[in-house]
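Student: Can you keep this structure in mind? I'll have questions shortly.
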Amino acid sequence: MLDLDDVLAARDRVAETARYTPLVYSHTFSSMTGADVHVKEEMLQRTGAFKIRGATNRIATLPESDREAGVVTASAGNHAQGVALAATRMGVDSKVVMPENAPISKVKATRSYGAEVVLHGANYDAAAEHARELEREEGRYSLPAFDDWQVMAGQGTIGLEILEDLPSVDTVVVPIGGGGLISGIATAIKGKKPDARVIGVQAEGASSAAP
């Protein structure tokens, strides 16, 4: 089970690849809510998203045999770029399966970070199935986007940074997609400050964690 020690260990592993991003006070959101709101600016992260944290930690903790075999994953964009850059920086061969309709900017960025991109299928599910086929055929390690303890631990390093920059924080609001981000952040925040609240949010018209 994921715990605070996992997140603390992940921080050392991701430090050379992932940036420590700023926590910035937002006048706009603070005036809208009547609370002091700070924004963790992960859009300034390498590749433009938090995904590189989890990808870096997962690859760094793989057995040498898996690293030598290379990794494969399926993604429409942000996870693809995180895996590509993390793998390249650690000398691991990466192959990323993306849907045929993935944004060309995401495809180009993933290739520029060093991954071999395979375009397959009309949606993510088709791409993910093809990635599983490549895992079986080529013996690569299949790197998940969120449902993996080490990926969650890597994402949780965001929580450690929030606590360092704003020790008085009492509520952390986290978007939910697959659940890996909030799992990691909640582990870090609650592990160091049990009284703090961690609240997950999702778009009302496009919920992924609940109907």
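Lettering and numbering for the structure tokens are positional, with chains as A, B, ... in the shown order, residues counted from 1 in each chain, and ligands counted from 1 in the shown order.
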If we count only C-alpha atoms and set the cut-off at 9 Å, which residues sit around Asn78 in chain A, ignoring sequence neighbours fewer than 2 positions away in its own chain? Please answer as a list in words.
Tutor: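 Contacts, with the query itself left out: Thr47, Gly48, Ala49, Phe50, Lys51, Ile52, Ser75, Ala76, Ala80, Gln81, Gly82, Val83, Lys106 and Thr110 of chain A.
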Student: Residues at most 7 Å from Val118 in chain A, counting only C-alpha atoms, excluding those fewer than 5 positions away in the same chain, as a count of residues only?
Tutor: 3
Student: Taking only C-alpha atoms into account, name the residue in A:Glu137, A:Glu16, A:Glu100, A:Asp6 that is nearest to Met152 in chain A.
Tutor: A:Asp6
Student: Using only C-alpha atoms, which of the listed residues (A:Val169, A:Gly179, A:Val71, A:Val24) sits closest to Arg58 in chain A?
Tutor: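 Ranked by minimum distance to Arg58 in chain A, first place goes to A:Val71.
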Student: Name all residues at most 7 Å from range 194-196 of chain A (count only C-alpha atoms; drop same-chain ones fewer than 3 positions away) and give them as a PDB file with N, CA and C atoms, in the first residue's frame.
Tutor:
```
ATOM      1  N   ASP A 170      -4.641  24.311   4.450  1.00  0.00           N
ATOM      2  CA  ASP A 170      -5.631  23.490   5.151  1.00  0.00           C
ATOM      3  C   ASP A 170      -6.511  22.685   4.207  1.00  0.00           C
ATOM      4  N   THR A 171      -6.537  23.067   2.910  1.00  0.00           N
ATOM      5  CA  THR A 171      -7.342  22.343   1.933  1.00  0.00           C
ATOM      6  C   THR A 171      -6.595  22.306   0.602  1.00  0.00           C
ATOM      7  N   LYS A 190      -1.733  14.125   3.721  1.00  0.00           N
ATOM      8  CA  LYS A 190      -2.280  13.543   4.952  1.00  0.00           C
ATOM      9  C   LYS A 190      -1.184  12.887   5.796  1.00  0.00           C
ATOM     10  N   GLY A 191      -0.124  12.410   5.119  1.00  0.00           N
ATOM     11  CA  GLY A 191       0.972  11.798   5.863  1.00  0.00           C
ATOM     12  C   GLY A 191       1.740  12.796   6.699  1.00  0.00           C
TER      13      GLY A 191
END
```
Student: Quick one: contact table of range 36-75 of chain A to range 8-14 of chain A, 8 Å max, nearest atom pair and distance in Å to one decimal per residue, counting only C-alpha atoms, chain and number order, as JSON lines?
Tutor:
```
{"residue": "A:Arg53", "atom": "CA", "partner": "A:Val14", "partner_atom": "CA", "distance": 6.1}
{"residue": "A:Thr56", "atom": "CA", "partner": "A:Val14", "partner_atom": "CA", "distance": 5.9}
{"residue": "A:Asn57", "atom": "CA", "partner": "A:Ala10", "partner_atom": "CA", "distance": 5.9}
{"residue": "A:Ala60", "atom": "CA", "partner": "A:Arg13", "partner_atom": "CA", "distance": 6.8}
```
Student: Could you go through range 13-206 of chain A and tell me which residues DSSP, when run on the backbone, assigns to alpha helix (DSSP H), listing them as a ChimeraX atom specification?
Tutor: /A:13-14,27-33,51-60,64-69,78-89,104-112,124-138,149-155,157-165,180-192
Student: List the neighbours of Gln45 in chain A out to 7 Å using only C-alpha atoms; skip same-chain residues closer than 5 positions along the sequence, and give me the result as a list of chain:residue names.
Tutor: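 Contacts, with the query itself left out: A:Ala18, A:Arg19, A:Thr21, A:Phe50.
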Student: Can you pull out the residues contacting Asn101 in chain A? Cut-off 12 Å, using only C-alpha atoms, and skip same-chain residues under 6 positions away; I want them as a PDB file with C-alpha atoms, in the first residue's frame.
Tutor:
```pdb
ATOM      1  CA  SER A  75      -1.529   7.744 -24.229  1.00  0.00           C
ATOM      2  CA  ALA A  76      -3.212  10.556 -26.096  1.00  0.00           C
ATOM      3  CA  GLY A  77      -0.688  13.133 -24.967  1.00  0.00           C
ATOM      4  CA  VAL A 107       2.647  13.420 -31.457  1.00  0.00           C
ATOM      5  CA  VAL A 118       3.009   4.210 -33.126  1.00  0.00           C
ATOM      6  CA  LEU A 119      -0.325   5.607 -34.310  1.00  0.00           C
ATOM      7  CA  HIS A 120      -3.041   2.998 -33.945  1.00  0.00           C
ATOM      8  CA  GLY A 121      -6.816   2.951 -33.622  1.00  0.00           C
ATOM      9  CA  ALA A 122      -9.557   5.526 -33.479  1.00  0.00           C
ATOM     10  CA  ASN A 123      -9.517   5.994 -29.693  1.00  0.00           C
ATOM     11  CA  TYR A 124      -7.522   5.421 -26.539  1.00  0.00           C
ATOM     12  CA  ALA A 126      -7.725   0.706 -29.273  1.00  0.00           C
ATOM     13  CA  ALA A 127      -4.306   2.232 -28.668  1.00  0.00           C
TER      14      ALA A 127
END
```
Student: Take CA of Gln155 in chain A and CA of Glu42 in chain A and report the distance between them in Å, one decimal.
Tutor: 11.0 Å
